[in-house]
Amino acid sequence: MKPINLMRYLVRLVTPPEGTVLDPFAGSGTTGCACEVESFDYVLIEKRERFVNEIISQRLEYWSDPENWGDLKDHNALPDPSTAESEESSADAMDESTLDQFVEGES
Ligand SMILES: C[S@@+](CC[C@H](N)C(=O)[O-])C[C@H]1O[C@@H](n2cnc3c(N)ncnc32)[C@H](O)[C@@H]1O
């Protein structure tokens, strides 16, 4: 699972105004959560039903409520994408054990 503030930065970096974000490998849905905060439309695709039913839907509901945005500790500390220099970043992977840890941590 990627940090939501990282994904907020990335969706702002690559999405034009009024654009729609597509994440065809949604995982825990962090991309969609970031879009909720940043007010972008989005489409998520995830093949594992358990991710969709037990994680993604709950997280999207949580982050769709601005009352919860206080949890974004560095909400105002994001760099401005228009001034960012390009950097390579490594992708992280999620497997079943990661999901199990996440589900246990959320309950
Ligand atoms: C590394 S995770 C994505 C992490 C996610 N972007 C995030 O930030 O939380 C990759 C996800 O892609 C899903 N996936 C793999 N192949 C897929 C396919 N053909 N269609 C839909 N989802 C797929 C896996 O189930 C897994 O949850």
# chains A, B, ... in the order shown; residues from 1 in each chain; ligands from 1

$ residues_around --residues "A:Ile4" --least-positions-apart "5" --cutoff "8 Å" --atoms "only C-alpha atoms" --output "list of chain:residue names"
A:Thr30, A:Thr31, A:Cys33, A:Ala34

$ residues_near_ligand --ligand "ligand 1" --cutoff "6 Å" --atoms "only C-alpha atoms and all ligand atoms" --output "NGL selection string"
:A and (1-2 or 24-31 or 45-48 or 93-94)

$ write_last_selection --atoms "C-alpha atoms" --output "PDB file, in the first residue's frame"
ATOM      1  CA  MET A   1       0.000   0.000   0.000  1.00  0.00           C
ATOM      2  CA  LYS A   2       1.405   3.335  -1.007  1.00  0.00           C
ATOM      3  CA  PRO A  24      -6.329  -0.878 -13.501  1.00  0.00           C
ATOM      4  CA  PHE A  25      -4.479  -2.575 -10.608  1.00  0.00           C
ATOM      5  CA  ALA A  26      -6.164  -0.901  -7.670  1.00  0.00           C
ATOM      6  CA  GLY A  27      -4.877  -3.093  -4.826  1.00  0.00           C
ATOM      7  CA  SER A  28      -5.940  -1.412  -1.603  1.00  0.00           C
ATOM      8  CA  GLY A  29      -7.336   1.543  -3.543  1.00  0.00           C
ATOM      9  CA  THR A  30      -4.886   4.235  -2.510  1.00  0.00           C
ATOM     10  CA  THR A  31      -5.115   5.876  -5.918  1.00  0.00           C
ATOM     11  CA  ILE A  45     -10.132  -2.068 -11.450  1.00  0.00           C
ATOM     12  CA  GLU A  46      -9.167  -4.866  -9.066  1.00  0.00           C
ATOM     13  CA  LYS A  47      -9.470  -8.575  -9.778  1.00  0.00           C
ATOM     14  CA  ARG A  48      -9.486  -9.733  -6.156  1.00  0.00           C
ATOM     15  CA  ALA A  93       4.309  -4.974  -4.504  1.00  0.00           C
ATOM     16  CA  MET A  94       1.371  -6.283  -2.535  1.00  0.00           C
TER      17      MET A  94
END

$ closest_residue --among "A:Pro3, A:Glu36, A:Leu60, A:Asp41" --to "A:Pro16" --atoms "only C-alpha atoms"
A:Asp41

$ atom_distance --atom1 "atom CA of A:Val11" --atom2 "atom CA of A:Ser39"
10.3 Å

$ select_by_dssp --residues "stretch 24-68 of chain A" --states "strand (DSSP E or B)" --output "list in words"
Asp41, Tyr42, Val43 and Leu44 of chain A

$ closest_residue --among "A:Val21, A:Val52, A:Leu10, A:Val37" --to "A:Gly70" --atoms "only C-alpha atoms"
A:Val37

$ closest_residue --among "A:Glu38, A:Lys73, A:Tyr62, A:Glu54" --to "A:Tyr9" --atoms "only C-alpha atoms"
A:Glu38
